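With CSV, C-alpha atoms inside, this is data.csv:
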chain,number,residue,atom,x,y,z
A,5,MET,CA,0.0,0.0,0.0
A,6,ILE,CA,1.5,3.3,-1.1
A,7,GLU,CA,1.1,5.9,1.7
A,8,THR,CA,0.8,9.7,1.3
A,9,PRO,CA,3.4,12.0,3.0
A,10,LEU,CA,0.6,13.4,5.2
A,11,ALA,CA,-0.4,9.9,6.4
A,12,ILE,CA,3.2,9.1,7.2
A,13,LEU,CA,3.7,12.3,9.1
A,14,LEU,CA,0.6,11.7,11.2
A,15,GLU,CA,1.8,8.2,12.0
A,16,ILE,CA,5.3,9.2,13.1
A,17,THR,CA,4.0,12.1,15.1
A,18,PHE,CA,1.8,9.7,17.1
A,19,TYR,CA,4.7,7.5,17.9
A,20,ALA,CA,6.9,10.5,18.6
A,21,ILE,CA,4.4,11.7,21.2
A,22,LEU,CA,4.5,8.2,22.9
A,23,TRP,CA,8.4,8.3,23.0
A,24,HIS,CA,8.3,11.8,24.5
A,25,LEU,CA,5.9,10.6,27.2
A,26,LEU,CA,8.4,7.8,28.0
A,27,PHE,CA,11.1,10.5,28.3
A,28,GLN,CA,9.0,12.4,30.7
A,29,CYS,CA,8.3,9.2,32.7
A,30,CYS,CA,12.1,8.6,33.0
A,31,THR,CA,12.7,12.2,34.0
A,32,HIS,CA,10.1,12.4,36.7
A,33,VAL,CA,9.8,8.8,38.0
A,34,VAL,CA,12.3,6.2,36.8
A,35,SER,CA,15.6,8.1,37.1
A,36,PRO,CA,15.0,10.0,40.3
A,37,TYR,CA,13.4,7.1,42.3
A,38,LEU,CA,13.7,3.7,40.7
A,39,LEU,CA,17.4,3.2,40.0
A,40,GLY,CA,18.7,2.5,43.5
A,41,SER,CA,22.1,4.0,44.1
A,42,TYR,CA,22.2,5.4,40.6
A,43,SER,CA,19.2,7.6,41.4
A,44,THR,CA,21.4,9.4,44.0
A,45,LYS,CA,24.2,9.8,41.4
A,46,TYR,CA,21.6,11.0,38.9
A,47,LYS,CA,20.3,13.7,41.2
A,48,ALA,CA,23.8,15.0,41.6
A,49,LEU,CA,24.2,15.7,37.8
A,50,GLY,CA,23.4,19.0,36.2
A,51,GLU,CA,20.3,19.6,34.2
A,52,GLY,CA,21.9,19.0,30.8
A,53,LYS,CA,23.4,15.6,31.9
A,54,ARG,CA,20.1,14.6,33.5
A,55,SER,CA,18.2,15.2,30.4
A,56,TYR,CA,20.8,13.4,28.3
A,57,TRP,CA,20.7,10.5,30.8
A,58,ASN,CA,16.9,10.1,30.3
A,59,ALA,CA,17.1,10.5,26.6
A,60,SER,CA,19.7,7.7,26.6
A,61,MET,CA,17.5,5.5,28.6
A,62,VAL,CA,14.7,6.0,26.1
A,63,SER,CA,17.2,5.4,23.3
A,64,SER,CA,18.1,2.0,24.8
A,65,PHE,CA,14.5,0.9,25.3
A,66,HIS,CA,13.7,1.9,21.7
A,67,ALA,CA,16.8,0.0,20.4
A,68,ILE,CA,15.8,-3.2,22.2
A,69,LEU,CA,12.1,-2.9,21.1
A,70,VAL,CA,12.7,-2.2,17.4
A,71,SER,CA,15.5,-4.8,17.2
A,72,CYS,CA,13.1,-7.5,18.6
A,73,MET,CA,10.3,-6.3,16.2
A,74,ALA,CA,12.7,-6.5,13.3
A,75,VAL,CA,13.9,-10.0,14.1
A,76,TYR,CA,10.3,-11.2,14.5
A,77,ALA,CA,9.3,-9.5,11.3
A,78,ILE,CA,12.2,-11.1,9.4
A,79,GLN,CA,11.2,-14.5,10.6
A,80,GLN,CA,7.4,-14.0,10.2
A,81,GLY,CA,7.7,-12.7,6.6
A,82,LYS,CA,10.7,-15.0,5.7
A,83,LEU,CA,12.3,-11.8,4.4
A,84,TRP,CA,15.8,-13.3,4.3
A,85,SER,CA,15.0,-16.9,3.4
A,86,ASN,CA,16.4,-16.6,-0.1
A,87,TRP,CA,19.7,-15.0,0.9
A,88,PRO,CA,21.7,-13.6,-0.9
A,89,HIS,CA,18.7,-12.6,-2.9
A,90,LEU,CA,16.4,-10.3,-1.0
A,91,ASP,CA,12.9,-9.6,-2.4
A,92,LEU,CA,12.6,-5.8,-2.9
A,93,ALA,CA,8.8,-6.0,-2.9
A,94,ALA,CA,8.4,-8.1,0.3
A,95,THR,CA,6.6,-6.3,3.1
A,96,THR,CA,4.5,-7.2,6.1
A,97,ASP,CA,2.3,-5.3,8.5
A,98,LEU,CA,5.0,-5.7,11.2
A,99,THR,CA,7.8,-4.3,9.0
A,100,HIS,CA,5.5,-1.2,8.4
A,101,THR,CA,4.9,-0.8,12.1
A,102,THR,CA,8.6,-1.3,12.9
A,103,VAL,CA,9.7,1.4,10.5
A,104,ARG,CA,7.0,3.8,11.9
A,105,VAL,CA,8.0,3.2,15.5
A,106,MET,CA,11.6,4.0,14.6
A,107,ASN,CA,10.5,7.1,12.7
A,108,GLY,CA,8.6,8.3,15.7
A,109,TYR,CA,11.6,7.8,17.9
A,110,MET,CA,13.9,9.7,15.5
A,111,LEU,CA,11.4,12.6,15.4
A,112,ALA,CA,11.1,12.7,19.2
A,113,ASP,CA,14.9,12.6,19.7
A,114,PHE,CA,15.4,15.2,17.0
A,115,CYS,CA,13.1,17.6,18.9
A,116,LEU,CA,14.8,16.9,22.2
A,117,THR,CA,18.2,17.5,20.6
A,118,VAL,CA,17.1,20.8,19.2
A,119,TYR,CA,15.5,21.8,22.6
A,120,TYR,CA,18.6,20.9,24.6
A,121,ARG,CA,21.2,21.9,22.0
A,122,ASN,CA,23.1,24.2,24.3
A,123,ALA,CA,23.0,22.0,27.3
A,124,ASP,CA,25.9,19.9,28.6
A,125,SER,CA,26.4,16.6,26.8
A,126,TRP,CA,24.1,17.7,24.0
A,127,HIS,CA,25.9,20.5,22.2
A,128,LYS,CA,29.1,18.6,21.3
A,129,SER,CA,27.4,16.3,18.8
A,130,PHE,CA,24.5,18.5,17.9
A,131,TYR,CA,25.1,19.0,14.2
A,132,ILE,CA,26.1,15.4,13.5
A,133,VAL,CA,23.1,14.0,15.4
A,134,MET,CA,20.8,16.4,13.5
A,135,PHE,CA,22.3,15.3,10.2
A,136,HIS,CA,22.0,11.6,11.1
A,137,HIS,CA,18.4,11.9,12.3
A,138,LEU,CA,17.3,13.8,9.2
A,139,MET,CA,19.0,11.3,6.9
A,140,VAL,CA,17.3,8.4,8.7
A,141,LEU,CA,13.9,10.1,8.6
A,142,CYS,CA,14.3,10.8,4.8
A,143,LEU,CA,15.4,7.2,4.2
A,144,THR,CA,12.7,5.5,6.3
A,145,CYS,CA,9.9,7.8,5.0
A,146,SER,CA,11.1,7.0,1.5
A,147,ILE,CA,10.8,3.3,2.2
A,148,LEU,CA,7.3,3.7,3.5
A,149,MET,CA,6.2,5.9,0.5
A,150,ILE,CA,7.5,3.5,-2.1
A,151,ASP,CA,6.3,0.5,-0.1
A,152,CYS,CA,9.3,-1.7,-0.8
A,153,CYS,CA,12.9,-2.4,0.4
A,154,HIS,CA,11.6,-3.6,3.7
A,155,SER,CA,14.0,-6.6,3.6
A,156,TYR,CA,16.8,-4.0,3.6
A,157,SER,CA,15.1,-1.6,6.1
A,158,MET,CA,15.2,-4.4,8.7
A,159,ILE,CA,19.0,-4.5,8.3
A,160,GLY,CA,18.9,-0.8,9.0
A,161,VAL,CA,16.8,-1.3,12.1
A,162,LEU,CA,19.1,-4.0,13.4
A,163,LEU,CA,21.9,-1.4,13.5
A,164,GLU,CA,20.2,-0.4,16.8
A,165,LEU,CA,21.6,-3.6,18.4
A,166,THR,CA,24.7,-1.6,19.4
A,167,THR,CA,22.8,1.4,20.8
A,168,PRO,CA,22.3,0.1,24.4
A,169,MET,CA,26.0,-0.5,24.6
A,170,ILE,CA,26.7,3.0,23.5
A,171,ASN,CA,24.4,4.4,26.1
A,172,LEU,CA,25.8,2.2,28.9
A,173,HIS,CA,29.3,3.4,27.9
A,174,TRP,CA,28.1,7.0,28.5
A,175,HIS,CA,26.2,6.2,31.7
A,176,LEU,CA,29.1,4.5,33.3
A,177,ARG,CA,31.5,7.2,32.3
A,178,THR,CA,29.2,9.9,33.7
A,179,VAL,CA,28.9,8.3,37.1
A,180,ASN,CA,32.7,7.8,37.3
A,181,GLU,CA,32.7,4.0,36.7
A,182,SER,CA,35.0,4.0,33.7
A,183,GLU,CA,37.5,1.8,35.6
A,184,THR,CA,35.1,-1.1,36.2
A,185,LYS,CA,35.2,-4.4,34.4
A,186,LEU,CA,31.7,-3.8,33.1
A,187,TYR,CA,32.9,-0.6,31.4
A,188,PHE,CA,35.8,-2.5,29.8
A,189,ILE,CA,33.8,-5.5,28.7
A,190,ASN,CA,31.0,-3.3,27.3
A,191,GLY,CA,33.6,-1.3,25.3
A,192,VAL,CA,35.1,-4.4,23.8
A,193,VAL,CA,31.7,-5.9,22.8
A,194,LEU,CA,30.6,-2.5,21.4
A,195,VAL,CA,33.6,-2.3,19.1
A,196,VAL,CA,33.2,-5.9,17.9
A,197,MET,CA,29.4,-5.6,17.4
A,198,TRP,CA,29.7,-2.2,15.7
A,199,PHE,CA,32.1,-3.7,13.2
A,200,ILE,CA,30.0,-6.7,12.5
A,201,VAL,CA,26.6,-5.1,12.4
A,202,ARG,CA,27.1,-1.5,11.2
A,203,ILE,CA,30.2,-1.9,9.0
A,204,VAL,CA,30.1,-5.4,7.5
A,205,VAL,CA,26.4,-6.4,7.5
A,206,ALA,CA,25.1,-2.9,6.6
A,207,GLY,CA,27.9,-2.3,4.2
A,208,PRO,CA,29.4,-5.0,1.9
A,209,VAL,CA,26.9,-7.7,2.8
A,210,ALA,CA,23.8,-5.6,2.1
A,211,LEU,CA,25.4,-4.0,-1.0
A,212,TYR,CA,26.3,-7.4,-2.5
A,213,SER,CA,22.8,-8.6,-2.1
A,214,PHE,CA,21.5,-5.4,-3.7
A,215,TYR,CA,24.1,-5.6,-6.5
A,216,ILE,CA,23.0,-9.1,-7.7
A,217,ASP,CA,19.3,-7.9,-7.9
A,218,GLU,CA,20.0,-4.3,-9.1
A,219,ALA,CA,18.5,-5.0,-12.5
A,220,VAL,CA,14.9,-5.3,-11.0
A,221,ALA,CA,15.3,-2.1,-8.9
A,222,SER,CA,13.2,0.9,-9.8
A,223,ARG,CA,14.5,4.5,-9.9
A,224,GLN,CA,12.8,5.2,-6.6
A,225,VAL,CA,14.7,2.2,-5.0
A,226,LEU,CA,18.0,3.4,-6.4
A,227,VAL,CA,17.4,6.9,-4.9
A,228,THR,CA,16.6,5.3,-1.5
A,229,VAL,CA,19.8,3.2,-1.7
A,230,LEU,CA,21.8,6.4,-2.6
A,231,ILE,CA,20.4,8.2,0.5
A,232,ALA,CA,21.5,5.2,2.7
A,233,TYR,CA,25.0,5.0,1.4
A,234,THR,CA,25.9,8.6,1.0
A,235,GLY,CA,24.1,10.0,4.0
A,236,VAL,CA,23.8,7.3,6.7
A,237,TYR,CA,26.5,4.7,6.1
A,238,PRO,CA,29.5,7.1,6.1
A,239,LEU,CA,28.5,8.2,9.6
A,240,GLN,CA,28.8,4.6,10.8
A,241,VAL,CA,32.3,4.4,9.4
A,242,TYR,CA,33.2,7.8,11.0
A,243,TRP,CA,31.8,6.7,14.4
A,244,PHE,CA,33.6,3.4,14.1
A,245,ILE,CA,37.0,5.1,13.6
A,246,LYS,CA,36.3,7.2,16.8
A,247,LEU,CA,35.5,4.0,18.7
A,248,ILE,CA,38.8,2.4,17.5
A,249,ASN,CA,40.7,5.5,18.5
A,250,GLY,CA,39.1,5.5,21.9
A,251,ALA,CA,39.8,1.8,22.3
A,252,MET,CA,43.4,2.3,21.4
A,253,LYS,CA,43.8,5.0,24.0
A,254,ALA,CA,42.2,2.7,26.6
A,255,PHE,CA,44.6,-0.1,25.8
A,256,HIS,CA,47.6,2.2,25.9
A,257,SER,CA,46.4,3.5,29.3
A,258,ILE,CA,46.1,-0.1,30.6
A,259,GLY,CA,49.5,-1.0,29.2
A,260,GLY,CA,51.0,2.0,30.9
A,261,GLN,CA,49.5,1.1,34.3
A,262,HIS,CA,50.9,-2.4,34.0
A,263,LYS,CA,54.4,-1.1,33.3
A,264,GLU,CA,54.3,1.2,36.4
A,265,GLU,CA,53.3,-1.8,38.5
As structure tokens, the full file:
Amino acid sequence: MIETPLAILLEITFYAILWHLLFQCCTHVVSPYLLGSYSTKYKALGEGKRSYWNASMVSSFHAILVSCMAVYAIQQGKLWSNWPHLDLAATTDLTHTTVRVMNGYMLADFCLTVYYRNADSWHKSFYIVMFHHLMVLCLTCSILMIDCCHSYSMIGVLLELTTPMINLHWHLRTVNESETKLYFINGVVLVVMWFIVRIVVAGPVALYSFYIDEAVASRQVLVTVLIAYTGVYPLQVYWFIKLINGAMKAFHSIGGQHKEE
């Protein structure tokens, strides 16, 4: 079913409101009262970090939710059963819902980032986050409007598998727990998962599948793929390089401590 831009906007606005309500719930209930000792540490943070803390919690919940939805949609619709051939026209009700839920989150987080753009922890990555969210919204709305490429869109959704680890990395560093084993293990798993999911699977694996079926792709599909690999994928590579640089610094620091001992 081809959807109009207005219908898509109304749908993602509805989900954006739900995500914002969850943000408010985290702000006024979960973070201040339900996190045990971390609630005390949370209350000691400035307003900017508290808002970023809550946005990160919502981000992790969203990532877990849409990743589970994507896995179930792939299995339910047998979207990857003919790998390496992926049916460009294959869609299900759940793939539509998954993309809409992700759209709503991106819109809600976009608005939060604009609102808190000058606050601590928000302003450093303001422009790159804005660009990323706009590209993802353009990409996913395009997928909904042309009503195809859902097999590939589920790959894009599964990039969110790494998001809870990114947020945990920030949370632990913010409460001065960057010397813990959890912080170290989370960092290692994050780098490995990022490389597998966001670099390899979303890059050469997905592109190879599209390459062997390119002859049946319409011009609209080609434009959608162009948006993905000129606007969204380069950011994954950029962030991966930053992760590697951070990991190298951490290993050098650990090595230096061992030498001193």
task: Within 12 Å of Asn190 of chain A, counting all atoms listed in the file, which residues show up once you throw out same-chain ones fewer than 4 positions away? Write them as a list in words, please.
output: Thr166, Thr167, Pro168, Met169, Ile170, Asn171, Leu172, His173, Trp174, His175, Leu176, Arg177, Ser182, Glu183, Thr184, Lys185, Leu186, Leu194, Val195, Val196, Met197, Trp198 and Ala251 of chain A
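Proximity ranking of A:Ser157, A:Gln224, A:Ser55, A:Asn107 relative to Ala94 of chain A places A:Ser157 first, based on all atoms listed in the file.
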Compile a residue-level contact table for segment 27-126 of chain A against segment 204-216 of chain A at a cut-off of 8 Å, reporting for every qualifying residue the shortest atom pair and its distance in Å to one decimal, with all atoms listed in the file counted, rows ordered by chain and ascending number, as JSON lines.
{"residue": "A:Trp87", "atom": "CA", "partner": "A:Ser213", "partner_atom": "CA", "distance": 7.7}
{"residue": "A:Pro88", "atom": "CA", "partner": "A:Ser213", "partner_atom": "CA", "distance": 5.3}
{"residue": "A:His89", "atom": "CA", "partner": "A:Ser213", "partner_atom": "CA", "distance": 5.8}
{"residue": "A:Leu90", "atom": "CA", "partner": "A:Ser213", "partner_atom": "CA", "distance": 6.7}
Long-range neighbours of segment 227-233 of chain A as a ChimeraX atom specification, 12 Å cut-off, all atoms listed in the file, 2 positions minimum in chain: /A:92,136,138-154,156-157,159-160,202-203,206-208,210-211,214-215,218,221-225,235-241
Grab the residues selected above and save them as a PDB file, in the frame of the given file with C-alpha atoms.
ATOM      1  CA  LEU A  92      12.600  -5.800  -2.900  1.00  0.00           C
ATOM      2  CA  HIS A 136      22.000  11.600  11.100  1.00  0.00           C
ATOM      3  CA  LEU A 138      17.300  13.800   9.200  1.00  0.00           C
ATOM      4  CA  MET A 139      19.000  11.300   6.900  1.00  0.00           C
ATOM      5  CA  VAL A 140      17.300   8.400   8.700  1.00  0.00           C
ATOM      6  CA  LEU A 141      13.900  10.100   8.600  1.00  0.00           C
ATOM      7  CA  CYS A 142      14.300  10.800   4.800  1.00  0.00           C
ATOM      8  CA  LEU A 143      15.400   7.200   4.200  1.00  0.00           C
ATOM      9  CA  THR A 144      12.700   5.500   6.300  1.00  0.00           C
ATOM     10  CA  CYS A 145       9.900   7.800   5.000  1.00  0.00           C
ATOM     11  CA  SER A 146      11.100   7.000   1.500  1.00  0.00           C
ATOM     12  CA  ILE A 147      10.800   3.300   2.200  1.00  0.00           C
ATOM     13  CA  LEU A 148       7.300   3.700   3.500  1.00  0.00           C
ATOM     14  CA  MET A 149       6.200   5.900   0.500  1.00  0.00           C
ATOM     15  CA  ILE A 150       7.500   3.500  -2.100  1.00  0.00           C
ATOM     16  CA  ASP A 151       6.300   0.500  -0.100  1.00  0.00           C
ATOM     17  CA  CYS A 152       9.300  -1.700  -0.800  1.00  0.00           C
ATOM     18  CA  CYS A 153      12.900  -2.400   0.400  1.00  0.00           C
ATOM     19  CA  HIS A 154      11.600  -3.600   3.700  1.00  0.00           C
ATOM     20  CA  TYR A 156      16.800  -4.000   3.600  1.00  0.00           C
ATOM     21  CA  SER A 157      15.100  -1.600   6.100  1.00  0.00           C
ATOM     22  CA  ILE A 159      19.000  -4.500   8.300  1.00  0.00           C
ATOM     23  CA  GLY A 160      18.900  -0.800   9.000  1.00  0.00           C
ATOM     24  CA  ARG A 202      27.100  -1.500  11.200  1.00  0.00           C
ATOM     25  CA  ILE A 203      30.200  -1.900   9.000  1.00  0.00           C
ATOM     26  CA  ALA A 206      25.100  -2.900   6.600  1.00  0.00           C
ATOM     27  CA  GLY A 207      27.900  -2.300   4.200  1.00  0.00           C
ATOM     28  CA  PRO A 208      29.400  -5.000   1.900  1.00  0.00           C
ATOM     29  CA  ALA A 210      23.800  -5.600   2.100  1.00  0.00           C
ATOM     30  CA  LEU A 211      25.400  -4.000  -1.000  1.00  0.00           C
ATOM     31  CA  PHE A 214      21.500  -5.400  -3.700  1.00  0.00           C
ATOM     32  CA  TYR A 215      24.100  -5.600  -6.500  1.00  0.00           C
ATOM     33  CA  GLU A 218      20.000  -4.300  -9.100  1.00  0.00           C
ATOM     34  CA  ALA A 221      15.300  -2.100  -8.900  1.00  0.00           C
ATOM     35  CA  SER A 222      13.200   0.900  -9.800  1.00  0.00           C
ATOM     36  CA  ARG A 223      14.500   4.500  -9.900  1.00  0.00           C
ATOM     37  CA  GLN A 224      12.800   5.200  -6.600  1.00  0.00           C
ATOM     38  CA  VAL A 225      14.700   2.200  -5.000  1.00  0.00           C
ATOM     39  CA  GLY A 235      24.100  10.000   4.000  1.00  0.00           C
ATOM     40  CA  VAL A 236      23.800   7.300   6.700  1.00  0.00           C
ATOM     41  CA  TYR A 237      26.500   4.700   6.100  1.00  0.00           C
ATOM     42  CA  PRO A 238      29.500   7.100   6.100  1.00  0.00           C
ATOM     43  CA  LEU A 239      28.500   8.200   9.600  1.00  0.00           C
ATOM     44  CA  GLN A 240      28.800   4.600  10.800  1.00  0.00           C
ATOM     45  CA  VAL A 241      32.300   4.400   9.400  1.00  0.00           C
TER      46      VAL A 241
END
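With all atoms listed in the file as the basis for measurement, A:Lys53 is the residue among A:Val103, A:Ile21, A:Lys53, A:Leu26 that approaches Arg121 of chain A most closely.
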field: Distance query Leu111 of chain A at most 9 Å, all atoms listed in the file, self and fewer than 5 positions along chain excluded, as a ChimeraX atom specification
entry: /A:16-17,19-20,106,116,137-138,141
message: With distances taken over all atoms listed in the file, which residue among A:Ala77, A:Val34, A:Val118, A:Leu39 lies nearest Asn58 of chain A?
response: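 Closest residue, counting all atoms listed in the file: A:Val34.
The gap separating atom CA of Phe244 of chain A from atom CA of His127 of chain A is 20.4 Å, in Å to one decimal.
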Counting only C-alpha atoms, the option among A:Phe135, A:Trp126, A:Phe199, A:Tyr56 closest to Met110 of chain A: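 With only C-alpha atoms as the atom set, the closest residue is A:Phe135.
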- request: Using atom CA of Tyr131 of chain A and atom CA of Ile245 of chain A as the two end points, give the distance in Å to one decimal.
  value: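 The value is 18.3 Å.
The spacing separating atom CA of Met158 of chain A from atom CA of Val62 of chain A amounts to 20.3 Å.
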task: Counting all atoms listed in the file, figure out which residue out of A:Val179, A:Arg104, A:Ala93, A:Tyr120 gets nearest to Ser41 of chain A.
output: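 Ranked by minimum distance to Ser41 of chain A, first place goes to A:Val179.
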message: Measuring between all atoms listed in the file, which one of A:Lys45, A:Asp97, A:Asp217, A:Tyr242 shows the shortest distance to Ile132 of chain A?
response: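 Checking each of A:Lys45, A:Asp97, A:Asp217, A:Tyr242 against Ile132 of chain A, counting all atoms listed in the file, the winner is A:Tyr242.
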